[in-house]
Amino acid sequence: MSKVATVEIEGKKIDLPLVVGTENEIALDITKLRGETGAITLDPGYKNTGSCESAITFLDGEKGILRYRGYSIEELAEKADFLEVAYLLIFGELPTETQLQKFNTDILDQSIVNEDMKTVLKGFPESAHPMGVLSSLTSALTAFNPKSVNVDSEEDMYKAIVKILAKFPVLAAWTLRKKNNQNLFNKDTNIGYVESLLKMMFQDDNKKNYKLNKTVVNALDKLLILHADHEQNCSTSTVRIVGSSHAGLFASISAGVSALWGPLHGGANQAVIEMLEEIKADGGDTSKFIAKAKDKDDPFRLMGFGHRVYKNFDPRAKIIKKAADEVLGQLGVEDPILEIAKGLEKAALEDQYFIDRKLYPNVDFYSGIIYRAMGIPTEMFTVMFAVGRLPGWIAQWREMRLRKEPIGRPRQVYIGETHRKFKDIANR
Ligand code: CMC
């Protein structure tokens, strides 16, 4: 028998259906609430609002569980590679060898970025932040690929997906090369996705002097997997809502990049390193910064700490902390900010303020330290996050379009002036 919840508003009772997910999460289906009672729900920041039903990612914030299509993040990070995970997220199943090979070849075939895109890039000043440039370039791709996707055709959909997966890392690498005033290259066609991203970023203008290092490739692969999806977070919800107006895939992804950029979301990885540098320059006294984070009159927050849904631990942070030790050890990098980070984590985890609010290190707390050890400049950290999140954005956009979800359009409770008469300028 289907379950219902009874709601009474100003004496009027209605039964609202309860929706139960495959992991027994319960949601109150309010679709008929306004029609039958005139009331709406109010939930700033959507803290308790499910915006969709989705079969892509499951996470349990209390237990620290994260799974893509049913597979645990721990197992995927250890055993899969990034393209396999991208395929899994987007199409729902792990690819067979033939499917993966075809996927890889199709991506390679689409990896040339139109020469005119370089003219767009040249228009940006060197001071431009790589995330702003990446968002603009992704949007500009639409101009060079004007045919909109026919979402009713699996073939058309597949072509658009492969195209963005192919071109996005090229654009990401270009944002760095532009900053460094270097030549712009297209993808190397006979090496892997992650290897080619590193080469496009770091080889010199003569296409020499960049030797791929297995430790760096594996670590980046793992970081991209850990970032690949995280259900209805800020940037993903943005992608879904922009796509819900039937704006194209590239436009939706471009909006996702902008949403990710903020320091409360993906931009936290850059902010963490800047904070750790600040603590180091200040003499390394972590207790002073813990006190600042607790002071409600001080806007300072402990970057890389806290999460909207994880209230016990972030499973990605656990994997990344271990990887940070391994990568720095294997590369022979001694970074004093790793010790500051560990000291800060220990102090925060023992502090009542952080315990009471269930604030733990999140995915971004240690990722920047690994990126830094790989030689990736701080301003590029969030771009790396975006490359990792791309398959998740695509998967969520595809799901939203295939399920024919309606345009996203929340309501509001108006708290402004009631009707008043216009006064002409002489009488104001
Ligand atoms: N430092 C100090 N206090 C904090 C922090 C922090 N990093 N995060 C939350 N709090 C406090 C906050 O002041 C509030 O205290 P009180 O109840 O006394 O008013 C309480 O904890 C709850 O915080 P909130 O802001 O209501 O929680 P939220 O769910 O709206 O925000 C968050 C989640 C991630 C935006 C927030 O924890 C934060 O700003 N963290 C720092 C930025 C960061 O690391 N972001 C990356 C998130 S993980 C990557 C991703 O997926 O985006």
# chains A, B, ... in the order shown; residues from 1 in each chain; ligands from 1
>>> residues_around(residues="A:Val4", least_positions_apart="2", cutoff="9 Å", atoms="only C-alpha atoms", output="PyMOL selection string")
chain A and resi 2+6+15-19+28
>>> residues_around(residues="A:His129", least_positions_apart="5", cutoff="10 Å", atoms="only C-alpha atoms", output="PyMOL selection string")
chain A and resi 124+134+175-176+179+261+379-380+383
>>> write_last_selection(atoms="N, CA, C and O atoms", output="JSON list (two decimals), in the first residue's frame")
[["chain", "number", "residue", "atom", "x", "y", "z"],
["A", 124, "PHE", "N", 41.10, 37.73, -23.85],
["A", 124, "PHE", "CA", 41.13, 37.86, -22.38],
["A", 124, "PHE", "C", 42.46, 38.43, -21.91],
["A", 124, "PHE", "O", 43.51, 38.07, -22.45],
["A", 134, "LEU", "N", 37.39, 29.61, -18.63],
["A", 134, "LEU", "CA", 36.86, 28.28, -18.98],
["A", 134, "LEU", "C", 35.34, 28.33, -19.21],
["A", 134, "LEU", "O", 34.82, 27.75, -20.16],
["A", 175, "THR", "N", 43.50, 27.50, -20.75],
["A", 175, "THR", "CA", 43.38, 28.61, -19.78],
["A", 175, "THR", "C", 44.72, 28.81, -19.06],
["A", 175, "THR", "O", 45.11, 29.93, -18.75],
["A", 176, "LEU", "N", 45.44, 27.70, -18.83],
["A", 176, "LEU", "CA", 46.74, 27.81, -18.17],
["A", 176, "LEU", "C", 47.78, 28.37, -19.14],
["A", 176, "LEU", "O", 48.55, 29.28, -18.79],
["A", 179, "LYS", "N", 47.54, 32.02, -19.61],
["A", 179, "LYS", "CA", 48.08, 32.75, -18.45],
["A", 179, "LYS", "C", 49.60, 32.84, -18.52],
["A", 179, "LYS", "O", 50.20, 33.82, -18.14],
["A", 261, "TRP", "N", 32.83, 27.79, -9.36],
["A", 261, "TRP", "CA", 33.95, 28.69, -9.09],
["A", 261, "TRP", "C", 33.95, 29.26, -7.67],
["A", 261, "TRP", "O", 34.99, 29.51, -7.07],
["A", 379, "GLU", "N", 45.66, 28.82, -9.02],
["A", 379, "GLU", "CA", 44.48, 29.32, -9.73],
["A", 379, "GLU", "C", 43.86, 28.26, -10.65],
["A", 379, "GLU", "O", 42.75, 28.44, -11.16],
["A", 380, "MET", "N", 44.59, 27.17, -10.87],
["A", 380, "MET", "CA", 44.07, 26.11, -11.76],
["A", 380, "MET", "C", 43.35, 25.00, -11.00],
["A", 380, "MET", "O", 42.77, 24.09, -11.60],
["A", 383, "VAL", "N", 39.77, 24.55, -11.85],
["A", 383, "VAL", "CA", 39.64, 24.06, -13.23],
["A", 383, "VAL", "C", 39.79, 22.53, -13.23],
["A", 383, "VAL", "O", 39.06, 21.82, -13.92]]
>>> closest_atom_pairs(of="chain A", to="ligand 1", cutoff="9 Å", atoms="only C-alpha atoms and all ligand atoms", output="Markdown table")
| residue | atom | partner | partner_atom_place_in_ligand_line | distance |
| --- | --- | --- | --- | --- |
| A:Gly45 | CA | ligand 1 | 30 (O) | 7.3 |
| A:Lys47 | CA | ligand 1 | 29 (O) | 7.5 |
| A:His227 | CA | ligand 1 | 51 (O) | 8.0 |
| A:His230 | CA | ligand 1 | 51 (O) | 7.0 |
| A:Asn233 | CA | ligand 1 | 51 (O) | 6.8 |
| A:Cys234 | CA | ligand 1 | 52 (O) | 7.4 |
| A:Ser235 | CA | ligand 1 | 52 (O) | 8.4 |
| A:Leu260 | CA | ligand 1 | 52 (O) | 7.2 |
| A:Gly262 | CA | ligand 1 | 52 (O) | 8.7 |
| A:Pro263 | CA | ligand 1 | 42 (C) | 6.1 |
| A:Leu264 | CA | ligand 1 | 45 (N) | 4.0 |
| A:His265 | CA | ligand 1 | 52 (O) | 3.3 |
| A:Gly266 | CA | ligand 1 | 52 (O) | 4.7 |
| A:Gly267 | CA | ligand 1 | 46 (C) | 7.4 |
| A:Ala268 | CA | ligand 1 | 45 (N) | 4.9 |
| A:Asn269 | CA | ligand 1 | 46 (C) | 7.4 |
| A:Ala271 | CA | ligand 1 | 44 (O) | 8.2 |
| A:Val272 | CA | ligand 1 | 44 (O) | 7.5 |
| A:Ile290 | CA | ligand 1 | 2 (C) | 8.1 |
| A:Lys292 | CA | ligand 1 | 2 (C) | 8.5 |
| A:Ala293 | CA | ligand 1 | 2 (C) | 4.6 |
| A:Lys294 | CA | ligand 1 | 2 (C) | 5.8 |
| A:Asp295 | CA | ligand 1 | 2 (C) | 8.5 |
| A:Lys296 | CA | ligand 1 | 13 (O) | 7.3 |
| A:Phe300 | CA | ligand 1 | 1 (N) | 7.3 |
| A:Arg301 | CA | ligand 1 | 1 (N) | 3.8 |
| A:Leu302 | CA | ligand 1 | 1 (N) | 4.0 |
| A:Met303 | CA | ligand 1 | 41 (C) | 4.3 |
| A:Gly304 | CA | ligand 1 | 44 (O) | 3.2 |
| A:Phe305 | CA | ligand 1 | 7 (N) | 4.3 |
| A:Gly306 | CA | ligand 1 | 37 (O) | 3.5 |
| A:His307 | CA | ligand 1 | 34 (C) | 3.9 |
| A:Arg308 | CA | ligand 1 | 29 (O) | 3.4 |
| A:Val309 | CA | ligand 1 | 29 (O) | 6.9 |
| A:Asp314 | CA | ligand 1 | 48 (S) | 8.7 |
| A:Tyr353 | CA | ligand 1 | 3 (N) | 8.1 |
| A:Phe354 | CA | ligand 1 | 3 (N) | 7.2 |
| A:Asp356 | CA | ligand 1 | 21 (O) | 8.6 |
| A:Arg357 | CA | ligand 1 | 21 (O) | 5.3 |
| A:Lys358 | CA | ligand 1 | 21 (O) | 7.7 |
| A:Leu359 | CA | ligand 1 | 8 (N) | 6.4 |
| A:Tyr360 | CA | ligand 1 | 7 (N) | 8.6 |
| A:Pro361 | CA | ligand 1 | 44 (O) | 7.7 |
| A:Asn362 | CA | ligand 1 | 48 (S) | 5.2 |
| A:Val363 | CA | ligand 1 | 48 (S) | 5.6 |
| A:Asp364 | CA | ligand 1 | 49 (C) | 5.8 |
| A:Phe365 | CA | ligand 1 | 44 (O) | 7.1 |
>>> residues_around(residues="A:Gly388", least_positions_apart="3", cutoff="6 Å", atoms="only C-alpha atoms", output="tab-separated table (two decimals) with N, CA, C and O atoms, in the first residue's frame")
chain	number	residue	atom	x	y	z
A	224	LEU	N	40.27	13.08	-10.14
A	224	LEU	CA	39.16	13.35	-11.06
A	224	LEU	C	37.98	12.41	-10.76
A	224	LEU	O	36.83	12.83	-10.78
A	227	HIS	N	36.02	13.55	-7.78
A	227	HIS	CA	35.22	14.75	-8.01
A	227	HIS	C	34.10	14.55	-9.04
A	227	HIS	O	33.32	15.46	-9.29
A	228	ALA	N	34.02	13.34	-9.63
A	228	ALA	CA	33.21	13.17	-10.84
A	228	ALA	C	31.70	13.43	-10.66
A	228	ALA	O	31.04	13.87	-11.60
A	385	PHE	N	39.01	20.56	-10.79
A	385	PHE	CA	37.75	20.09	-10.22
A	385	PHE	C	36.69	20.04	-11.34
A	385	PHE	O	35.95	19.05	-11.48
>>> select_by_dssp(residues="stretch 98-309 of chain A", states="alpha helix (DSSP H)", output="JSON, numbers by chain")
{"A": [98, 99, 100, 101, 102, 103, 104, 105, 106, 107, 108, 109, 116, 117, 118, 119, 120, 121, 122, 130, 131, 132, 133, 134, 135, 136, 137, 138, 139, 140, 141, 142, 143, 144, 154, 155, 156, 157, 158, 159, 160, 161, 162, 163, 164, 165, 166, 167, 168, 169, 170, 171, 172, 173, 174, 175, 176, 177, 178, 179, 193, 194, 195, 196, 197, 198, 199, 200, 201, 202, 214, 215, 216, 217, 218, 219, 220, 221, 222, 223, 224, 225, 226, 227, 234, 235, 236, 237, 238, 239, 240, 241, 242, 243, 249, 250, 251, 252, 253, 254, 255, 256, 257, 258, 259, 260, 261, 268, 269, 270, 271, 272, 273, 274, 275, 276, 277, 278, 279, 280, 281, 286, 287, 288, 289, 290, 291, 292, 293, 294]}
>>> closest_residue(among="A:Pro44, A:Ile14, A:Val257, A:Gln182", to="A:Lys207", atoms="only C-alpha atoms")
A:Gln182
>>> closest_residue(among="A:Lys13, A:Lys222, A:Arg177, A:Lys102", to="A:Leu76", atoms="only C-alpha atoms")
A:Lys222
